[in-house]
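Structure file my_file-v6.cif; described as mmCIF, C-alpha atoms.
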data_data
#
loop_
_atom_site.group_PDB
_atom_site.id
_atom_site.type_symbol
_atom_site.label_atom_id
_atom_site.label_comp_id
_atom_site.auth_asym_id
_atom_site.auth_seq_id
_atom_site.Cartn_x
_atom_site.Cartn_y
_atom_site.Cartn_z
ATOM 1 C CA MET A 210 -8.513 -29.076 -12.372
ATOM 2 C CA SER A 211 -6.621 -27.552 -9.443
ATOM 3 C CA ALA A 212 -3.048 -26.443 -10.054
ATOM 4 C CA PRO A 213 -0.218 -28.058 -8.053
ATOM 5 C CA ARG A 214 0.804 -25.779 -5.213
ATOM 6 C CA ILE A 215 3.674 -25.400 -2.794
ATOM 7 C CA VAL A 216 2.480 -26.432 0.667
ATOM 8 C CA ARG A 217 4.668 -25.735 3.713
ATOM 9 C CA ASP A 218 3.739 -26.355 7.345
ATOM 10 C CA GLY A 219 0.130 -26.840 6.315
ATOM 11 C CA ARG A 220 -0.052 -23.467 4.569
ATOM 12 C CA VAL A 221 -1.067 -23.375 0.933
ATOM 13 C CA GLY A 222 1.216 -21.196 -1.138
ATOM 14 C CA GLN A 223 1.951 -20.407 -4.747
ATOM 15 C CA VAL A 224 1.304 -22.496 -7.814
ATOM 16 C CA ASP A 225 4.468 -24.555 -8.276
ATOM 17 C CA ALA A 226 6.462 -22.769 -10.994
ATOM 18 C CA THR A 227 8.529 -25.892 -11.635
ATOM 19 C CA VAL A 228 5.366 -27.632 -12.848
ATOM 20 C CA VAL A 229 3.193 -24.819 -14.251
ATOM 21 C CA PRO A 230 4.911 -21.978 -16.173
ATOM 22 C CA ARG A 231 4.545 -18.604 -14.521
ATOM 23 C CA PHE A 232 2.785 -17.161 -17.548
ATOM 24 C CA ALA A 233 0.036 -19.813 -17.395
ATOM 25 C CA GLY A 234 -3.108 -19.762 -15.320
ATOM 26 C CA PRO A 235 -5.101 -17.038 -13.559
ATOM 27 C CA ALA A 236 -3.229 -14.073 -12.105
ATOM 28 C CA THR A 237 -3.909 -14.029 -8.409
ATOM 29 C CA PHE A 238 -1.298 -12.073 -6.482
ATOM 30 C CA ALA A 239 1.975 -14.067 -6.676
ATOM 31 C CA ARG A 240 -0.195 -16.977 -7.926
ATOM 32 C CA LEU A 241 -1.433 -17.538 -4.381
ATOM 33 C CA PRO A 242 -4.711 -19.305 -3.598
ATOM 34 C CA ARG A 243 -8.012 -17.472 -3.671
ATOM 35 C CA ILE A 244 -9.645 -16.720 -0.349
ATOM 36 C CA ASP A 245 -12.321 -19.369 -0.989
ATOM 37 C CA GLU A 246 -9.659 -22.059 -1.459
ATOM 38 C CA VAL A 247 -8.136 -21.884 2.039
ATOM 39 C CA SER A 248 -9.132 -21.425 5.666
ATOM 40 C CA ASP A 249 -7.551 -19.795 8.722
ATOM 41 C CA ILE A 250 -6.275 -16.850 6.687
ATOM 42 C CA ASP A 251 -3.590 -14.691 8.274
ATOM 43 C CA VAL A 252 -3.290 -12.053 5.536
ATOM 44 C CA ALA A 253 -5.651 -11.227 2.677
ATOM 45 C CA VAL A 254 -4.582 -9.338 -0.438
ATOM 46 C CA LEU A 255 -7.548 -7.312 -1.673
ATOM 47 C CA GLY A 256 -7.984 -5.309 -4.874
ATOM 48 C CA VAL A 257 -9.971 -2.079 -5.017
ATOM 49 C CA PRO A 258 -10.299 -1.049 -8.685
ATOM 50 C CA PHE A 259 -11.495 2.517 -8.123
ATOM 51 C CA ASP A 260 -10.166 5.811 -9.485
ATOM 52 C CA ALA A 261 -13.049 8.292 -9.455
ATOM 53 C CA GLY A 262 -11.097 10.460 -7.020
ATOM 54 C CA VAL A 263 -8.138 11.302 -9.257
ATOM 55 C CA SER A 264 -7.249 14.898 -10.092
ATOM 56 C CA TYR A 265 -5.018 14.310 -13.130
ATOM 57 C CA ARG A 266 -4.335 11.087 -15.051
ATOM 58 C CA PRO A 267 -7.011 8.394 -14.650
ATOM 59 C CA GLY A 268 -6.501 4.636 -14.926
ATOM 60 C CA ALA A 269 -5.693 3.381 -11.423
ATOM 61 C CA ARG A 270 -8.910 1.349 -11.531
ATOM 62 C CA PHE A 271 -6.862 -1.083 -13.611
ATOM 63 C CA GLY A 272 -4.054 -1.134 -11.034
ATOM 64 C CA PRO A 273 -5.021 -4.285 -9.102
ATOM 65 C CA ALA A 274 -5.123 -6.449 -12.230
ATOM 66 C CA HIS A 275 -1.851 -4.980 -13.488
ATOM 67 C CA VAL A 276 -0.036 -5.543 -10.189
ATOM 68 C CA ARG A 277 -1.278 -9.129 -10.058
ATOM 69 C CA GLU A 278 -0.001 -9.782 -13.586
ATOM 70 C CA SER A 279 3.309 -8.193 -12.627
ATOM 71 C CA SER A 280 3.621 -10.439 -9.573
ATOM 72 C CA ARG A 281 3.960 -13.721 -11.479
ATOM 73 C CA LEU A 282 7.752 -13.834 -11.018
ATOM 74 C CA LEU A 283 7.681 -13.541 -7.234
ATOM 75 C CA ARG A 284 9.201 -16.584 -5.564
ATOM 76 C CA PRO A 285 8.622 -18.254 -2.171
ATOM 77 C CA TYR A 286 11.829 -17.190 -0.379
ATOM 78 C CA ASN A 287 12.798 -13.583 0.284
ATOM 79 C CA PRO A 288 16.584 -13.675 0.837
ATOM 80 C CA ALA A 289 16.920 -9.974 1.694
ATOM 81 C CA ALA A 290 14.520 -10.434 4.616
ATOM 82 C CA ASP A 291 15.418 -14.100 5.219
ATOM 83 C CA VAL A 292 11.788 -15.168 5.351
ATOM 84 C CA GLU A 293 9.345 -17.326 3.402
ATOM 85 C CA PRO A 294 6.273 -15.086 3.634
ATOM 86 C CA PHE A 295 3.848 -17.686 2.259
ATOM 87 C CA ALA A 296 5.100 -20.496 4.499
ATOM 88 C CA ALA A 297 5.195 -18.433 7.705
ATOM 89 C CA GLN A 298 1.571 -17.325 7.318
ATOM 90 C CA GLN A 299 -1.462 -18.194 5.236
ATOM 91 C CA VAL A 300 -1.818 -15.536 2.558
ATOM 92 C CA ALA A 301 -4.739 -15.523 0.132
ATOM 93 C CA ASP A 302 -6.001 -13.313 -2.674
ATOM 94 C CA ALA A 303 -9.429 -11.937 -1.759
ATOM 95 C CA GLY A 304 -10.172 -10.732 -5.297
ATOM 96 C CA ASP A 305 -11.566 -7.287 -6.060
ATOM 97 C CA LEU A 306 -14.264 -5.265 -4.380
ATOM 98 C CA ALA A 307 -17.018 -4.184 -6.750
ATOM 99 C CA VAL A 308 -17.599 -0.515 -5.922
ATOM 100 C CA ASN A 309 -19.588 2.265 -7.533
ATOM 101 C CA PRO A 310 -17.419 3.990 -10.189
ATOM 102 C CA PHE A 311 -19.745 7.015 -10.455
ATOM 103 C CA ASP A 312 -20.506 7.949 -6.836
ATOM 104 C CA ILE A 313 -17.516 8.539 -4.559
ATOM 105 C CA GLU A 314 -19.526 8.635 -1.335
ATOM 106 C CA SER A 315 -21.202 5.340 -2.160
ATOM 107 C CA ALA A 316 -17.873 3.791 -3.149
ATOM 108 C CA ILE A 317 -16.271 4.864 0.139
ATOM 109 C CA ASP A 318 -19.054 3.171 2.100
ATOM 110 C CA GLN A 319 -18.727 0.014 -0.008
ATOM 111 C CA ILE A 320 -14.942 -0.113 0.452
ATOM 112 C CA GLU A 321 -15.248 0.223 4.219
ATOM 113 C CA ALA A 322 -17.909 -2.509 4.358
ATOM 114 C CA GLY A 323 -15.864 -4.759 2.071
ATOM 115 C CA ALA A 324 -12.685 -4.271 4.094
ATOM 116 C CA ARG A 325 -14.518 -5.026 7.336
ATOM 117 C CA ALA A 326 -15.944 -8.203 5.820
ATOM 118 C CA VAL A 327 -12.504 -9.406 4.698
ATOM 119 C CA LEU A 328 -11.042 -8.592 8.127
ATOM 120 C CA GLU A 329 -13.631 -10.897 9.683
ATOM 121 C CA ARG A 330 -11.906 -13.744 7.837
ATOM 122 C CA ALA A 331 -8.291 -12.580 7.790
ATOM 123 C CA GLY A 332 -6.095 -11.260 10.557
ATOM 124 C CA ARG A 333 -4.599 -8.513 8.423
ATOM 125 C CA LEU A 334 -5.299 -6.838 5.128
ATOM 126 C CA VAL A 335 -3.030 -5.601 2.328
ATOM 127 C CA THR A 336 -4.923 -3.675 -0.336
ATOM 128 C CA ILE A 337 -3.961 -2.906 -3.930
ATOM 129 C CA GLY A 338 -5.562 0.210 -5.437
ATOM 130 C CA GLY A 339 -7.039 2.058 -6.996
ATOM 131 C CA ASP A 340 -6.424 5.707 -6.230
ATOM 132 C CA HIS A 341 -5.561 7.084 -2.808
ATOM 133 C CA THR A 342 -9.170 7.948 -1.998
ATOM 134 C CA ILE A 343 -9.484 4.355 -0.814
ATOM 135 C CA ALA A 344 -7.178 4.993 2.165
ATOM 136 C CA LEU A 345 -9.969 6.737 4.077
ATOM 137 C CA PRO A 346 -12.458 3.838 4.158
ATOM 138 C CA LEU A 347 -9.599 1.408 4.787
ATOM 139 C CA LEU A 348 -8.518 3.486 7.790
ATOM 140 C CA ARG A 349 -12.101 3.483 9.044
ATOM 141 C CA ALA A 350 -12.042 -0.314 8.950
ATOM 142 C CA MET A 351 -8.615 -0.433 10.625
ATOM 143 C CA ALA A 352 -9.607 1.992 13.383
ATOM 144 C CA ALA A 353 -12.748 -0.030 14.075
ATOM 145 C CA LYS A 354 -10.516 -3.033 14.767
ATOM 146 C CA HIS A 355 -7.400 -1.488 16.319
ATOM 147 C CA GLY A 356 -8.378 1.998 17.432
ATOM 148 C CA PRO A 357 -6.525 5.037 16.050
ATOM 149 C CA VAL A 358 -3.448 3.932 14.097
ATOM 150 C CA ALA A 359 -0.113 5.536 13.331
ATOM 151 C CA VAL A 360 0.029 6.144 9.587
ATOM 152 C CA VAL A 361 3.320 5.845 7.702
ATOM 153 C CA HIS A 362 2.614 7.363 4.325
ATOM 154 C CA PHE A 363 5.046 7.041 1.393
ATOM 155 C CA ASP A 364 4.025 9.538 -1.280
ATOM 156 C CA ALA A 365 5.251 12.401 -3.425
ATOM 157 C CA HIS A 366 2.294 14.379 -2.058
ATOM 158 C CA LEU A 367 0.883 15.197 1.363
ATOM 159 C CA ASP A 368 -2.711 14.129 0.598
ATOM 160 C CA THR A 369 -3.924 16.313 3.471
ATOM 161 C CA TRP A 370 -5.524 18.996 1.333
ATOM 162 C CA ASP A 371 -9.053 20.075 2.152
ATOM 163 C CA THR A 372 -11.014 19.929 -1.110
ATOM 164 C CA TYR A 373 -10.775 19.851 -4.865
ATOM 165 C CA PHE A 374 -13.578 21.691 -6.645
ATOM 166 C CA GLY A 375 -15.532 21.559 -3.395
ATOM 167 C CA ALA A 376 -15.290 17.777 -3.117
ATOM 168 C CA ALA A 377 -14.348 16.551 0.350
ATOM 169 C CA HIS A 378 -13.306 13.079 -0.787
ATOM 170 C CA THR A 379 -10.601 12.781 -3.447
ATOM 171 C CA HIS A 380 -7.192 11.152 -3.718
ATOM 172 C CA GLY A 381 -5.639 14.341 -2.316
ATOM 173 C CA THR A 382 -7.730 14.514 0.870
ATOM 174 C CA PRO A 383 -7.856 11.092 2.625
ATOM 175 C CA PHE A 384 -5.452 11.829 5.467
ATOM 176 C CA ARG A 385 -7.062 15.148 6.350
ATOM 177 C CA ARG A 386 -10.429 13.415 6.612
ATOM 178 C CA ALA A 387 -8.863 10.550 8.584
ATOM 179 C CA SER A 388 -7.284 13.010 11.013
ATOM 180 C CA GLU A 389 -10.539 14.932 11.400
ATOM 181 C CA GLU A 390 -12.379 11.667 12.111
ATOM 182 C CA ARG A 391 -9.733 10.687 14.698
ATOM 183 C CA LEU A 392 -8.973 7.470 12.832
ATOM 184 C CA ILE A 393 -5.259 8.153 13.195
ATOM 185 C CA ASP A 394 -2.984 8.698 16.173
ATOM 186 C CA ARG A 395 -1.831 12.263 15.595
ATOM 187 C CA SER A 396 1.223 11.734 17.788
ATOM 188 C CA GLY A 397 2.640 8.980 15.553
ATOM 189 C CA CYS A 398 2.132 9.745 11.851
ATOM 190 C CA LEU A 399 4.548 10.783 9.135
ATOM 191 C CA HIS A 400 4.994 11.182 5.402
ATOM 192 C CA VAL A 401 8.071 9.888 3.586
ATOM 193 C CA GLY A 402 9.322 10.989 0.171
ATOM 194 C CA THR A 403 7.224 14.109 -0.360
ATOM 195 C CA ARG A 404 8.488 16.524 -2.982
ATOM 196 C CA GLY A 405 7.502 18.955 -5.693
ATOM 197 C CA PRO A 406 5.733 22.314 -5.558
ATOM 198 C CA LEU A 407 2.955 23.085 -3.080
ATOM 199 C CA TYR A 408 0.169 25.640 -3.189
ATOM 200 C CA SER A 409 1.774 27.594 -0.302
ATOM 201 C CA ASP A 410 3.777 27.127 2.878
ATOM 202 C CA ARG A 411 0.425 26.893 4.648
ATOM 203 C CA ASP A 412 0.096 23.365 3.229
ATOM 204 C CA LEU A 413 2.945 22.206 5.485
ATOM 205 C CA ALA A 414 1.642 24.090 8.517
ATOM 206 C CA GLU A 415 -1.818 22.554 8.188
ATOM 207 C CA ASP A 416 -0.289 19.130 7.596
ATOM 208 C CA SER A 417 1.605 19.426 10.884
ATOM 209 C CA GLU A 418 -1.566 20.485 12.696
ATOM 210 C CA LEU A 419 -3.239 17.320 11.380
ATOM 211 C CA GLY A 420 -0.566 15.191 13.068
ATOM 212 C CA PHE A 421 2.082 14.476 10.445
ATOM 213 C CA HIS A 422 5.839 14.818 10.463
ATOM 214 C CA VAL A 423 7.577 14.896 7.078
ATOM 215 C CA VAL A 424 10.686 13.164 5.764
ATOM 216 C CA PRO A 425 10.955 14.955 2.405
ATOM 217 C CA SER A 426 12.639 13.505 -0.633
ATOM 218 C CA VAL A 427 15.422 16.111 -0.450
ATOM 219 C CA GLU A 428 16.662 14.502 2.796
ATOM 220 C CA ILE A 429 16.761 10.926 1.524
ATOM 221 C CA ASP A 430 20.283 11.066 0.072
ATOM 222 C CA ASP A 431 21.649 12.227 3.414
ATOM 223 C CA LEU A 432 19.560 9.901 5.577
ATOM 224 C CA GLY A 433 19.731 6.721 3.507
ATOM 225 C CA ALA A 434 17.400 3.776 4.116
ATOM 226 C CA ARG A 435 18.653 3.246 7.665
ATOM 227 C CA GLY A 436 18.134 6.863 8.597
ATOM 228 C CA ILE A 437 14.616 6.861 7.202
ATOM 229 C CA ALA A 438 13.823 3.656 9.086
ATOM 230 C CA GLU A 439 15.091 5.210 12.324
ATOM 231 C CA ARG A 440 12.924 8.299 11.796
ATOM 232 C CA ILE A 441 9.902 6.058 11.256
ATOM 233 C CA ARG A 442 10.573 3.890 14.284
ATOM 234 C CA ASP A 443 11.197 6.898 16.533
ATOM 235 C CA ARG A 444 7.903 8.414 15.419
ATOM 236 C CA VAL A 445 5.571 5.403 15.574
ATOM 237 C CA GLY A 446 7.027 3.560 18.573
ATOM 238 C CA ASP A 447 4.908 0.557 19.521
ATOM 239 C CA ARG A 448 1.648 1.970 18.173
ATOM 240 C CA PRO A 449 -0.394 -0.073 15.679
ATOM 241 C CA VAL A 450 0.915 1.039 12.272
ATOM 242 C CA TYR A 451 -0.940 1.381 9.000
ATOM 243 C CA LEU A 452 1.314 1.685 5.963
ATOM 244 C CA SER A 453 0.107 3.496 2.855
ATOM 245 C CA VAL A 454 2.322 3.499 -0.241
ATOM 246 C CA ASP A 455 1.496 5.696 -3.198
ATOM 247 C CA ILE A 456 3.685 4.315 -5.978
ATOM 248 C CA ASP A 457 4.482 7.888 -7.057
ATOM 249 C CA VAL A 458 6.829 8.085 -4.066
ATOM 250 C CA LEU A 459 9.198 6.479 -6.562
ATOM 251 C CA ASP A 460 10.884 8.623 -9.176
ATOM 252 C CA PRO A 461 9.139 8.414 -12.569
ATOM 253 C CA ALA A 462 12.192 6.497 -13.817
ATOM 254 C CA PHE A 463 11.082 3.647 -11.539
ATOM 255 C CA ALA A 464 7.314 4.213 -11.677
ATOM 256 C CA PRO A 465 6.159 5.961 -14.840
ATOM 257 C CA GLY A 466 2.716 4.357 -14.644
ATOM 258 C CA THR A 467 1.031 6.654 -12.164
ATOM 259 C CA GLY A 468 -1.377 9.564 -12.207
ATOM 260 C CA THR A 469 0.570 12.487 -10.720
ATOM 261 C CA PRO A 470 4.312 11.899 -11.260
ATOM 262 C CA GLU A 471 6.928 14.172 -9.681
ATOM 263 C CA ALA A 472 10.646 14.267 -10.485
ATOM 264 C CA GLY A 473 13.243 13.579 -7.787
ATOM 265 C CA GLY A 474 11.727 10.567 -6.051
ATOM 266 C CA MET A 475 13.027 7.474 -4.283
ATOM 267 C CA THR A 476 14.540 4.561 -6.142
ATOM 268 C CA SER A 477 12.787 1.223 -5.914
ATOM 269 C CA ARG A 478 15.840 -0.146 -4.085
ATOM 270 C CA GLU A 479 15.547 2.569 -1.409
ATOM 271 C CA LEU A 480 11.829 1.968 -0.903
ATOM 272 C CA LEU A 481 12.199 -1.798 -0.590
ATOM 273 C CA ALA A 482 15.107 -1.418 1.825
ATOM 274 C CA VAL A 483 13.033 0.758 4.143
ATOM 275 C CA LEU A 484 10.053 -1.590 3.949
ATOM 276 C CA ARG A 485 12.252 -4.491 5.067
ATOM 277 C CA THR A 486 12.562 -2.797 8.454
ATOM 278 C CA PHE A 487 8.802 -2.851 9.051
ATOM 279 C CA GLY A 488 9.048 -6.274 10.639
ATOM 280 C CA ARG A 489 10.171 -4.370 13.749
ATOM 281 C CA LEU A 490 6.921 -2.405 13.883
ATOM 282 C CA ASN A 491 3.409 -3.314 14.977
ATOM 283 C CA LEU A 492 2.191 -3.386 11.384
ATOM 284 C CA VAL A 493 -1.554 -4.066 11.185
ATOM 285 C CA GLY A 494 -2.383 -3.291 7.559
ATOM 286 C CA ALA A 495 -1.260 -1.617 4.357
ATOM 287 C CA ASP A 496 -2.205 -0.388 0.928
ATOM 288 C CA VAL A 497 -0.285 0.152 -2.316
ATOM 289 C CA VAL A 498 -2.074 2.558 -4.628
ATOM 290 C CA GLU A 499 -2.004 4.772 -7.726
ATOM 291 C CA VAL A 500 -0.627 2.290 -10.277
ATOM 292 C CA SER A 501 -2.030 3.421 -13.619
ATOM 293 C CA PRO A 502 -1.053 0.828 -16.254
ATOM 294 C CA ALA A 503 -1.966 2.965 -19.269
ATOM 295 C CA TYR A 504 1.174 5.015 -18.542
ATOM 296 C CA ASP A 505 3.340 2.009 -17.706
ATOM 297 C CA HIS A 506 5.558 0.126 -20.114
ATOM 298 C CA ALA A 507 7.363 -3.198 -19.759
ATOM 299 C CA GLU A 508 5.522 -3.543 -16.403
ATOM 300 C CA ILE A 509 8.095 -1.237 -14.758
ATOM 301 C CA THR A 510 5.580 0.252 -12.318
ATOM 302 C CA GLY A 511 3.640 -2.973 -11.872
ATOM 303 C CA ILE A 512 6.802 -4.869 -10.959
ATOM 304 C CA ALA A 513 7.825 -2.182 -8.457
ATOM 305 C CA ALA A 514 4.360 -2.310 -6.896
ATOM 306 C CA SER A 515 4.270 -6.114 -6.757
ATOM 307 C CA HIS A 516 7.652 -6.194 -5.013
ATOM 308 C CA THR A 517 6.395 -3.535 -2.622
ATOM 309 C CA VAL A 518 3.460 -5.773 -1.673
ATOM 310 C CA TYR A 519 5.849 -8.732 -1.366
ATOM 311 C CA GLU A 520 8.072 -6.863 1.102
ATOM 312 C CA ILE A 521 5.003 -5.847 3.102
ATOM 313 C CA LEU A 522 3.873 -9.471 3.286
ATOM 314 C CA SER A 523 7.394 -10.432 4.351
ATOM 315 C CA ALA A 524 7.307 -7.808 7.115
ATOM 316 C CA LEU A 525 3.978 -9.213 8.313
ATOM 317 C CA ALA A 526 5.424 -12.717 8.710
ATOM 318 C CA PRO A 527 5.051 -13.635 12.387
ATOM 319 C CA GLY A 528 8.141 -13.352 14.541
ATOM 320 C CA LYS A 529 10.102 -11.660 11.766
ATOM 321 C CA GLU A 530 12.162 -8.630 12.729
ATOM 322 C CA SER A 531 14.477 -7.136 10.113
#

What does this structure look like when you write it as structure tokens?
Amino acid sequence: MSAPRIVRDGRVGQVDATVVPRFAGPATFARLPRIDEVSDIDVAVLGVPFDAGVSYRPGARFGPAHVRESSRLLRPYNPAADVEPFAAQQVADAGDLAVNPFDIESAIDQIEAGARAVLERAGRLVTIGGDHTIALPLLRAMAAKHGPVAVVHFDAHLDTWDTYFGAAHTHGTPFRRASEERLIDRSGCLHVGTRGPLYSDRDLAEDSELGFHVVPSVEIDDLGARGIAERIRDRVGDRPVYLSVDIDVLDPAFAPGTGTPEAGGMTSRELLAVLRTFGRLNLVGADVVEVSPAYDHAEITGIAASHTVYEILSALAPGKES
């Protein structure tokens, strides 16, 4: 029996929470329809339960399911952005990709193929990880559709290192590989929220050579959300933008459930405020990664991640400029 849903302007939205309690029924993202239940899809939300590329705490393979469960309280109207993201566009949950958990190279190929297949049905793609390794195949799929993209990368870490233990593909290397493969526009990329110790000052020099500017966490108090948004807009201009959010950009107080936590991060309020300005940009796709529920409690990290996805979907709403 199909659940009663909110339908606006012909677009099928969430299960109606005034009829079916939020804790009942299957946990699609925000209790939205599955991709096989609707047509003419504007945005697909895709899970990639993969974490074979982690260097410290494992568990992000369970991130997509955890974020979906944590999204049950999301409602149809976003007052901060003044938009109804599920009425302005058809959003659907595309389920999870089944990828090889033992072979990273094989998994990367499967993720790229899966993302391309979803993009044949949906205009844009928002992916829930999974560890940050998945950004590389997602960027391959995005570049195949849009050409080289400007990457805005929220993360405690640069993720432009060369190798770990001789492995070229890990959660610490995706943006180096993407830069080397010319998937990104080197004149328009930046990291936001980086912090913590590095191996040497050469890390920053190489990162710059790969095409990234940095807005480090130590500048966030002075800049504020508006200042960060201005830095982003000045850097990316009108280029097609791919947004990648590692949940560890948040301080561990706001996101304990992640694999490589670093003290001194953004608050969830700061992150969401910056994301609300992305309606001004030519945003073509996004991912939210590195939620590891084994280290979460009371869904603190899952809730932060689900609201992050919600703000991204709000920014993607057509004609919306924050």

Contact table segment 296-349 of chain A vs segment 440-458 of chain A, cut-off 10 Å, shortest pair per residue, all atoms listed in the file, as CSV:
residue,atom,partner,partner_atom,distance
A:Val335,CA,A:Leu452,CA,9.2
A:Thr336,CA,A:Ser453,CA,9.3
A:Ile337,CA,A:Val454,CA,9.7
A:Gly338,CA,A:Asp455,CA,9.2
A:Asp340,CA,A:Asp455,CA,8.5
A:His341,CA,A:Asp455,CA,7.2
A:Ala344,CA,A:Ser453,CA,7.5
A:Leu347,CA,A:Tyr451,CA,9.6
A:Leu348,CA,A:Tyr451,CA,8.0

Quiz prompt | Counting only C-alpha atoms, the option among A:Ala261, A:Ala495, A:Val252, A:Leu522 closest to Ala376 of chain A | solution = A:Ala261

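When atom CA of Ala233 of chain A is paired with atom CA of Leu282 of chain A, their separation reads 11.7 Å.
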
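Of note, atom CA of Gly466 of chain A and atom CA of Leu481 of chain A are spaced 18.0 Å apart.
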
Practice problem: Would you write out, as number ranges by chain, every residue that the PyMOL selection byres ((chain A and resi 221) around 12) captures in this file? | Solution: A: 212-220, 222-225, 240-244, 246-251, 285, 294-302

Quiz prompt | Explicit residue set for the PyMOL selection byres ((chain A and resi 381) around 10), as a PyMOL selection string | solution = chain A and resi 262-264+340-342+366-373+377-380+382-385

Selected residues, C-alpha atoms, written as a JSON list (two decimals), in the coordinates of the input, please.
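Result file follows (part_18.json):
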[["chain", "number", "residue", "atom", "x", "y", "z"],
["A", 262, "GLY", "CA", -11.10, 10.46, -7.02],
["A", 263, "VAL", "CA", -8.14, 11.30, -9.26],
["A", 264, "SER", "CA", -7.25, 14.90, -10.09],
["A", 340, "ASP", "CA", -6.42, 5.71, -6.23],
["A", 341, "HIS", "CA", -5.56, 7.08, -2.81],
["A", 342, "THR", "CA", -9.17, 7.95, -2.00],
["A", 366, "HIS", "CA", 2.29, 14.38, -2.06],
["A", 367, "LEU", "CA", 0.88, 15.20, 1.36],
["A", 368, "ASP", "CA", -2.71, 14.13, 0.60],
["A", 369, "THR", "CA", -3.92, 16.31, 3.47],
["A", 370, "TRP", "CA", -5.52, 19.00, 1.33],
["A", 371, "ASP", "CA", -9.05, 20.08, 2.15],
["A", 372, "THR", "CA", -11.01, 19.93, -1.11],
["A", 373, "TYR", "CA", -10.78, 19.85, -4.86],
["A", 377, "ALA", "CA", -14.35, 16.55, 0.35],
["A", 378, "HIS", "CA", -13.31, 13.08, -0.79],
["A", 379, "THR", "CA", -10.60, 12.78, -3.45],
["A", 380, "HIS", "CA", -7.19, 11.15, -3.72],
["A", 382, "THR", "CA", -7.73, 14.51, 0.87],
["A", 383, "PRO", "CA", -7.86, 11.09, 2.62],
["A", 384, "PHE", "CA", -5.45, 11.83, 5.47],
["A", 385, "ARG", "CA", -7.06, 15.15, 6.35]]

Quiz prompt | Within 6 Å of segment 422-436 of chain A using all atoms listed in the file, minus same-chain residues under 6 positions, as a ChimeraX atom specification | solution = /A:399-404,479,483

Quiz prompt | Separation of atom CA of Asp312 of chain A from atom CA of Pro346 of chain A, in Å and rounded to one decimal | solution = 14.2 Å

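Among the candidates A:Gly494, A:Pro288, A:Gly511, A:Gly256, the one nearest to Val360 of chain A when counting only C-alpha atoms is A:Gly494.
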
Quiz item: Got a sec to resolve the PyMOL selection byres ((chain A and resi 393) around 6) on this structure and send the residues as a ChimeraX atom specification?
Solution: /A:357-359,388,391-392,394-395

Any chance you can output those residues with C-alpha atoms as an mmCIF file, in the coordinates of the input?
data_model
loop_
_atom_site.group_PDB
_atom_site.id
_atom_site.type_symbol
_atom_site.label_atom_id
_atom_site.label_comp_id
_atom_site.auth_asym_id
_atom_site.auth_seq_id
_atom_site.Cartn_x
_atom_site.Cartn_y
_atom_site.Cartn_z
ATOM 1 C CA PRO A 357 -6.525 5.037 16.050
ATOM 2 C CA VAL A 358 -3.448 3.932 14.097
ATOM 3 C CA ALA A 359 -0.113 5.536 13.331
ATOM 4 C CA SER A 388 -7.284 13.010 11.013
ATOM 5 C CA ARG A 391 -9.733 10.687 14.698
ATOM 6 C CA LEU A 392 -8.973 7.470 12.832
ATOM 7 C CA ASP A 394 -2.984 8.698 16.173
ATOM 8 C CA ARG A 395 -1.831 12.263 15.595
#

Exercise. May I ask which of the residues A:Ser409, A:Thr467, A:Ser280, A:Asn491 is the closest one to Ala365 of chain A, counting all atoms listed in the file?
Key: A:Thr467

Quiz item: Nearest to Arg270 of chain A among A:Val498, A:Leu480, A:Leu283, A:Ala524, with distances taken over all atoms listed in the file: which residue is it?
Solution: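 Looking only at the distances to Arg270 of chain A, the closest residue turns out to be A:Val498.
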
Exercise. Quick one: residues within 7 Å of (-13.9, 3.0, 5.7) (file frame), counting all atoms listed in the file, please, as an MDAnalysis selection string.
Key: chainID A and resid 317:318 320:322 345:350

Quiz item: Restricting the calculation to all atoms listed in the file, which member of A:Pro273, A:Gly397, A:Glu329, A:Phe463 is positioned closest to Val497 of chain A?
Solution: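 For Val497 of chain A, the nearest of the given residues is A:Pro273.
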